[in-house]
Amino acid sequence: MFSKNVLKEIIVSNEEFILKQVKRIVNRERIYFPEFLNKTVVFYGVRRSGKTFILFNLFRKYKGNSLYIDFEDERLSGFHLKDFDRLKEAMIELKPHLMDRELVFLLDEIQNIEGWERFCRRAVERENVKVFVSGSSSRIMPFEIHTELRGRSWSIEVLPFSFKEYLCAKGIDVNQKSIIYGTKKAVVKKLFLDYMQWGGFPEVCFLRSELEKKKLIKEYLGAMFFRDLVERYSMTNISLLDKLTDKLFSSFSLKFSLTSFYKQYTGRFPFSKDSLYRYFKNYLQSMLVFEVRKFAESTYKRMRNPAKVYLVDTGLCRRVTSADAGRLLENVVFLALRRRGYEVFYFEAKRECDFIARTENNSFLPIQVSFELNEESSSRDIDGLIEACKWLDIGKGLILTYDDEEQELNLDGVNVKISPVWKWSIEAHIG
Ligand SMILES: Nc1ncnc2c1ncn2[C@@H]1O[C@H](COP(=O)(O)OP(=O)(O)OP(=O)(O)O)[C@@H](O)[C@H]1O
Ligand SMILES: [Mg+2]
């Protein structure tokens with residue numbers, strides 16, 4: 001049986017830490033959950049994206065009746081499922097006035113406790129406890145969650161900072177009109193270029209020098225490879241892992257075909273087709289890489305065409321030259337769409353359109369991303385967008401660029417809106 005006194009010490013010391021030592025927490029967007037449904041809220045996502053800080057912020061929100069526990073805390077080694085009841089007792093003994101009140105449990109790195117889903121279910125459904133959990137590994141992703149909690153959890157994907165969150169981290173008031181129309185616009189545009197280059201990992205955003213940023217991103221990658229890929233999925237063919245990583249991380253916003261990869265590298269070092277497919281799947285599960293499928297009527301057709309790949313953060317992109325600005329921008333737009341929870345496809349017929357986003361109300365919006373609309377690119381991009389609109393029988397499409405003047409055109413019966421990404425990212429609506 002776990003010592004109640006140790007639990008009390010941990011509860012109190014964590015409370016002090018969160019309230020006194022953690023200085024500034026940037027509010028995250030879209031942390032929405034229904035307060036009145038009895039569900040365990042699960043935050044999952046790539047390492048270092050800010051899950052623990054979301055729990056810290058919730059601790060402040062529910063100050064007084066919440067407790068925060070990190071199951072990677074070495075003082076908790078030996079804690080088992082059956083000890084959860086003692087956690088509640090310890091809390092009530094510390095704060096007796098909470099006896100019949102609702103409690104809020106914020107449980108970090110929960111995957112370390114075997115059977116945690118059972119406790120969450122009981123606590124939420126029968127014991128008047130709100131439960132929020134988080135963890136670093138894919139073991140708490142929706143598809144891995146134990147049947148015990150299926151239909152009883154509310155999962156929220158946490159990605160690195162959006163551009164709006166990034167601006168907040170930089171001390172910019174995102175509600176001020178001057179950031180779009182006035183004096184601050186130039187600063188915001190410059191920050192957008194930095195954001196595109198270095199991405200939105202919160203800690204990276206707070207660093208000033210490029211050297212430090214590079215070093216930290218490298219450390220992140222090292223930890224992610226080792227802990228999430230090599231250890232967790234036993235990806236022990238290091239030559240294959242290295243080559244696949246290099247290829248994926250330099251193919252952002254491009255089509256990526258496992259068959260071509262196989263053809264290109266088979267014979268150069270030992271690996272099997274099966275292990276290649278498995279490694280790629282592991283990559284998707286680690287949430288470092290996402291794939292976008294071609295828009296097609298049937299699943300069969302969707303799966304037969306190669307997917308396009310995007311990285312979870314543009315700071316991870318490799319082999320980026322100035323010619324790749326358009327691809328970086330496209331990756332930023334992909335992440336913005338994903339943050340909004342939209343399902344995303346790419347379109348390809350005679351011409352191409354980067355995204356078709358399925359929005360909340362199940363309508364589709366074709367989106368073309370282009371760093372700038374010059375004579376050469378503009379007719380190709382516009383034609384691709386119009387083709388996608390016609391194909392879907394939709395009267396409107398969106399072109400996002402780094403900094404073209406905002407305007408609306410009527411082309412071939414389609415309403416085409418052109419907007420700079422930095423502005424679009426700050427606004428609430430996508431269309
Ligand atoms: N909302 C935020 N406001 C300010 N800083 C943040 C915020 N979110 C994250 N950070 C910074 O980024 C660091 C990493 O965030 P955090 O520990 O919350 O990530 P995590 O997703 O829990 O990572 P891991 O998966 O490794 O546990 C924090 O230590 C903090 O410095
Ligand atoms: Mg954490």
# chains A, B, ... in the order shown; residues from 1 in each chain; ligands from 1
call {"tool": "select_by_dssp", "arguments": {"residues": "segment 278-409 of chain A", "states": "alpha helix (DSSP H)", "output": "PyMOL selection string"}}
result
chain A and resi 278-285+299-304+325-339+375-392
call {"tool": "residues_around", "arguments": {"residues": "Lys423 of chain A", "least_positions_apart": "5", "cutoff": "9 Å", "atoms": "only C-alpha atoms", "output": "list of chain:residue names"}}
result
A:Ile179, A:Ile180, A:Lys189, A:Asp403
call {"tool": "residues_around", "arguments": {"residues": "Leu106 of chain A", "least_positions_apart": "3", "cutoff": "10 Å", "atoms": "only C-alpha atoms", "output": "count of residues only"}}
result
19
call {"tool": "residues_near_ligand", "arguments": {"ligand": "ligand 1", "cutoff": "10 Å", "atoms": "only C-alpha atoms and all ligand atoms", "output": "ChimeraX atom specification"}}
result
/A:22-29,43-57,70,72,108-109,134-137,158-161,165-166,168-169,200-206,220,223-224
call {"tool": "atom_distance", "arguments": {"atom1": "atom CA of Ile418 of chain A", "atom2": "atom CA of Leu385 of chain A"}}
result
11.5 Å
call {"tool": "select_by_dssp", "arguments": {"residues": "segment 81-273 of chain A", "states": "strand (DSSP E)", "output": "NGL selection string"}}
result
:A and (103-108 or 129-134 or 153-157 or 254-256)
call {"tool": "closest_residue", "arguments": {"among": "A:Glu360, A:Glu148, A:Glu125, A:Glu348", "to": "Leu37 of chain A", "atoms": "only C-alpha atoms"}}
result
A:Glu125
call {"tool": "residues_around", "arguments": {"residues": "Gly78 of chain A", "least_positions_apart": "2", "cutoff": "8 Å", "atoms": "only C-alpha atoms", "output": "ChimeraX atom specification"}}
result
/A:2,76,80
call {"tool": "closest_residue", "arguments": {"among": "A:Glu114, A:Trp154, A:Leu258, A:Asn38", "to": "Lys281 of chain A", "atoms": "only C-alpha atoms"}}
result
A:Leu258
call {"tool": "closest_residue", "arguments": {"among": "A:Gln111, A:Asn5, A:Ser257, A:Ser77", "to": "ligand 2", "atoms": "only C-alpha atoms and all ligand atoms"}}
result
A:Gln111
call {"tool": "residues_around", "arguments": {"residues": "Ser251 of chain A", "least_positions_apart": "3", "cutoff": "9 Å", "atoms": "only C-alpha atoms", "output": "ChimeraX atom specification"}}
result
/A:246-248,254-256,308-310,317-318
call {"tool": "write_last_selection", "arguments": {"atoms": "N, CA and C atoms", "output": "PDB file, in the first residue's frame"}}
result
ATOM      1  N   ASP A 246      15.551  10.662 -42.966  1.00  0.00           N
ATOM      2  CA  ASP A 246      16.077  11.713 -43.819  1.00  0.00           C
ATOM      3  C   ASP A 246      15.123  11.991 -44.978  1.00  0.00           C
ATOM      4  N   LYS A 247      14.626  10.930 -45.549  1.00  0.00           N
ATOM      5  CA  LYS A 247      13.728  11.076 -46.704  1.00  0.00           C
ATOM      6  C   LYS A 247      12.431  11.767 -46.275  1.00  0.00           C
ATOM      7  N   LEU A 248      11.842  11.290 -45.168  1.00  0.00           N
ATOM      8  CA  LEU A 248      10.568  11.860 -44.721  1.00  0.00           C
ATOM      9  C   LEU A 248      10.718  13.320 -44.321  1.00  0.00           C
ATOM     10  N   LEU A 254       5.366  17.054 -49.839  1.00  0.00           N
ATOM     11  CA  LEU A 254       5.518  16.364 -51.130  1.00  0.00           C
ATOM     12  C   LEU A 254       4.887  14.981 -51.040  1.00  0.00           C
ATOM     13  N   LYS A 255       4.719  14.392 -52.221  1.00  0.00           N
ATOM     14  CA  LYS A 255       4.223  13.012 -52.217  1.00  0.00           C
ATOM     15  C   LYS A 255       5.346  12.106 -51.776  1.00  0.00           C
ATOM     16  N   PHE A 256       4.963  11.089 -51.037  1.00  0.00           N
ATOM     17  CA  PHE A 256       5.975  10.157 -50.564  1.00  0.00           C
ATOM     18  C   PHE A 256       5.489   8.741 -50.845  1.00  0.00           C
ATOM     19  N   LYS A 308       0.643  12.528 -49.428  1.00  0.00           N
ATOM     20  CA  LYS A 308       1.600  13.619 -49.215  1.00  0.00           C
ATOM     21  C   LYS A 308       1.939  13.618 -47.733  1.00  0.00           C
ATOM     22  N   VAL A 309       3.165  13.999 -47.401  1.00  0.00           N
ATOM     23  CA  VAL A 309       3.526  13.980 -45.981  1.00  0.00           C
ATOM     24  C   VAL A 309       3.799  15.391 -45.452  1.00  0.00           C
ATOM     25  N   TYR A 310       3.439  15.562 -44.203  1.00  0.00           N
ATOM     26  CA  TYR A 310       3.676  16.836 -43.510  1.00  0.00           C
ATOM     27  C   TYR A 310       4.276  16.530 -42.143  1.00  0.00           C
ATOM     28  N   CYS A 317      11.903  20.395 -40.336  1.00  0.00           N
ATOM     29  CA  CYS A 317      12.113  20.163 -41.770  1.00  0.00           C
ATOM     30  C   CYS A 317      13.604  20.162 -42.098  1.00  0.00           C
ATOM     31  N   ARG A 318      13.989  19.266 -42.975  1.00  0.00           N
ATOM     32  CA  ARG A 318      15.404  19.154 -43.336  1.00  0.00           C
ATOM     33  C   ARG A 318      15.665  19.613 -44.750  1.00  0.00           C
TER      34      ARG A 318
END
call {"tool": "closest_residue", "arguments": {"among": "A:Arg339, A:Arg60, A:Arg293, A:Lys390", "to": "Asp354 of chain A", "atoms": "only C-alpha atoms"}}
result
A:Arg293
call {"tool": "residues_around", "arguments": {"residues": "Arg327 of chain A", "least_positions_apart": "2", "cutoff": "12 Å", "atoms": "only C-alpha atoms", "output": "PyMOL selection string"}}
result
chain A and resi 196-197+250-255+308-311+314+317-325+329-334+354+368-372+401-402
call {"tool": "closest_residue", "arguments": {"among": "A:Met235, A:Val6, A:Trp198, A:Leu107", "to": "ligand 2", "atoms": "only C-alpha atoms and all ligand atoms"}}
result
A:Leu107
call {"tool": "closest_residue", "arguments": {"among": "A:Leu149, A:Ser138, A:Leu398, A:Val12", "to": "Glu93 of chain A", "atoms": "only C-alpha atoms"}}
result
A:Val12
